[in-house]
Amino acid sequence: MPKRKFRQFHRPKGMHDILPDEWPYWRKIYKTLSKLSEDYGFSRIDTPILEETDLYLRSTGEGTDIVEKQMYNLKTKGGDYLTLRPEGTPGIVRAYIENGMIGMSQPVKLYYVGPFFRYEAPQHGRYREFHQWGLEAIGGSSPVLDAQIIFVFYIFLKELGIKNLSIQINSIGCKECRPGYRRALVAYYKYKKAKLCSDCRRRLGINPLRLLDCKNPSCQNLAREAPQVLDYLCDDCKSHFKNVLEFLDELELPYFLNPHLVRGLDYYTKTVFEILPEEGKDLRQSALAAGGRFDNLVEFLGGKPTPAVGGALGIERVISLMKTRNIRAEKGKKNQIFFAQLGDLAKKKSLKIIEKLRKSGFSVISALSKDSIKSQLKIANKYEVDFSLILGHKEALEEKIIIRDMNTGIQEVVKLNDLAKKLRQKMRRRKRV
RNA sequence: GAGGCCGUGGUGUAAUAGCAGCACAACAGGCUGUGGCCCUGUUAGCGAGGGUGCAAAUCCCUCCGGUCUCCCCA
């Protein structure tokens, strides 16, 4: 840094600038996910980035870490308590109820993409501002919906070229059968408290299900012997889960039944799942997508009892994985050409010519603020365009322009009126070679 | 929230107490109308603040940031 007159500003901790270099990944991901979502009948929805704080207290759960310590809360001048959304589902459900989507044909299938915020210690794959793509099917209890959502996330990752994925799935029951399981779990742990880590001892009272996915070795040993949810599911949950698995079998998805999979959010019922890379040296922060069923949430947020299922995928995590696996995202440089100008007259005519070319379907790069032809072509070279146009004083007077083939160096002078046609010809020929 | 490691031009690095170098990038030039290679020049740095020392990028403290582990999650 030079000695600066004014202080320099920094981005807030855990937040990121998405720079032009990074955009090919984002573009590819956005393109793929919106195509896929629409193809599978999900419609785009955008909800506010701020919601009432209470919405998350009610839905995400007061005992969860997200609500306890990870929310960005603020109070408005008018005295409202608002929160920067830490996850997508509550806002979507709120919108479903508020906009009377109960009156649409059910299930209502929605998708969203955008930023989410959690105040946490940033780490690889975990940021304070991060982006998620979410799918929700509200108003349907059929297990085929659970399977379809898992499937869409799965093929999304496949289409991006990410292979060797593992789908972990479990059922955590419903409000009918979960209390029974919970009791069994508490009873199991009751006389083993001494062997639990301090966190688990605390959690035992609040949310015993979470003892199952504790990473502490001693806790893991205990968890292995613990009663399994699947043995406690009610008939409805059992057949639902069996059905989901049958759909996954039919799709030939490589799922893995993980009886210790428990999600961190309070509203989940029945199906829960995670999709993660298969070979993980450490699979902790590597869940790429996750979700589950939330059959009680709509009612709990003031709507009519409505079953629903959904999930979300972390875009930053996907990009990070693409990078470690050397999966490239193409720079979209279709029909890109470079326009160079020389002299005052030529520069004056530039903007108009560029617009004409754009209308004819070309994407025109230029460096109009430069005067020297040399530095302009240097830039053209950097963009790796196949053709550059050169408009000098002489050409400008004669209503002509030079087309330079950047690979061969061969140039041709053409009339401005024929430019688009000639360019198209040349590009076609180039492609064939 | 707890702990470990780390922080030198825009980027990547060297100097381990004694004049902060190098490479790449950027910008300008090397026939005032032609790119990639090459050459020359210019710009630009010790994360911030404090302490110890004749002397600090180097040692100490605090903060900020990064990264990893625990925790939790996408």
# chains A, B, ... in the order shown; residues from 1 in each chain; ligands from 1
>>> interface_residues(of="chain B", to="chain A", cutoff="7 Å", atoms="only C-alpha atoms (C1' of nucleotides)", output="PDB file with C-alpha atoms (C1' of nucleotides), in the first residue's frame")
ATOM      1  C1'   U B  34      -1.207  -4.067 -35.922  1.00  0.00           C
ATOM      2  C1'   G B  35      -1.347  -8.766 -30.625  1.00  0.00           C
ATOM      3  C1'   G B  36       1.293 -13.379 -28.632  1.00  0.00           C
ATOM      4  C1'   G B  45       4.890  -3.612  -0.176  1.00  0.00           C
ATOM      5  C1'   C B  72     -22.458 -26.381  14.258  1.00  0.00           C
ATOM      6  C1'   A B  74     -25.244 -25.646   3.069  1.00  0.00           C
TER       7        A B  74
END
>>> select_by_dssp(residues="region 231-264 of chain A", states="helix (DSSP H, G or I)", output="compact mmCIF listing (two decimals) with C-alpha atoms, in the first residue's frame")
# COMPACT_ATOMS: atom_id res chain seq x y z
CA ASP A 231 -37.20 -49.54 15.06
CA TYR A 232 -39.45 -46.95 16.61
CA ASP A 235 -46.47 -47.61 10.56
CA ASP A 236 -47.06 -44.47 8.54
CA CYS A 237 -43.47 -43.27 8.85
CA LYS A 238 -42.15 -46.73 8.20
CA SER A 239 -44.03 -47.20 4.97
CA HIS A 240 -43.24 -43.65 3.88
CA PHE A 241 -39.56 -44.26 4.36
CA LYS A 242 -39.69 -47.62 2.65
CA ASN A 243 -41.40 -45.96 -0.28
CA VAL A 244 -38.82 -43.23 -0.55
CA LEU A 245 -36.09 -45.85 -0.67
CA GLU A 246 -37.93 -47.78 -3.34
CA PHE A 247 -38.09 -44.69 -5.52
CA LEU A 248 -34.39 -44.13 -5.00
CA ASP A 249 -33.71 -47.76 -5.91
CA GLU A 250 -35.71 -47.32 -9.07
>>> residues_around(residues="Lys31 (chain A)", least_positions_apart="2", cutoff="12 Å", atoms="only C-alpha atoms (C1' of nucleotides)", output="PyMOL selection string")
chain A and resi 23-29+33-38+113+133+156+159-160+329+332
>>> residues_around(residues="region 53-60 of chain B", least_positions_apart="4", cutoff="12 Å", atoms="only C-alpha atoms (C1' of nucleotides)", output="PyMOL selection string")
chain B and resi 7-8+14-18+20+45-47
>>> write_last_selection(atoms="C-alpha atoms (C1' of nucleotides)", output="CSV table (one decimal), in the first residue's frame")
chain,number,residue,atom,x,y,z
B,7,G,C1',-0.1,-12.4,7.6
B,8,U,C1',6.2,-8.8,3.0
B,14,A,C1',13.2,-13.9,-0.7
B,15,A,C1',15.7,-11.6,3.2
B,16,U,C1',15.5,-14.3,10.8
B,17,A,C1',17.7,-7.8,14.1
B,18,G,C1',21.7,-4.0,10.2
B,20,A,C1',13.2,-4.8,1.8
B,45,G,C1',4.9,-3.6,-0.2
B,46,C,C1',6.4,-5.3,5.6
B,47,G,C1',-2.3,-6.2,8.0
>>> select_by_dssp(residues="region 93-308 of chain A", states="strand (DSSP E or B)", output="PyMOL selection string")
chain A and resi 108-117+123+126+129-138+165-171+255-257+269-277+289-293+308
>>> atom_distance(atom1="C1' of U62 (chain B)", atom2="CA of Arg11 (chain A)")
22.0 Å
>>> atom_distance(atom1="CA of Gly41 (chain A)", atom2="CA of Lys109 (chain A)")
6.7 Å
>>> residues_around(residues="Ile403 (chain A)", least_positions_apart="4", cutoff="10 Å", atoms="only C-alpha atoms (C1' of nucleotides)", output="list of chain:residue names")
A:Ile337, A:Phe338, A:Phe339, A:Phe387, A:Ser388, A:Leu389, A:Ile390, A:Leu391, A:Gly409, A:Ile410, A:Gln411, A:Glu412, A:Val413, A:Val414, A:Leu419, A:Lys422, A:Leu423, A:Lys426
>>> atom_distance(atom1="CA of Val108 (chain A)", atom2="CA of Phe256 (chain A)")
28.5 Å
>>> closest_residue(among="A:Leu50, A:Leu297, A:Leu416, A:Leu257", to="Ile354 (chain A)", atoms="only C-alpha atoms")
A:Leu416
>>> residues_around(residues="region 74-79 of chain A", least_positions_apart="6", cutoff="12 Å", atoms="only C-alpha atoms (C1' of nucleotides)", output="number ranges by chain")
A: 50-53, 85
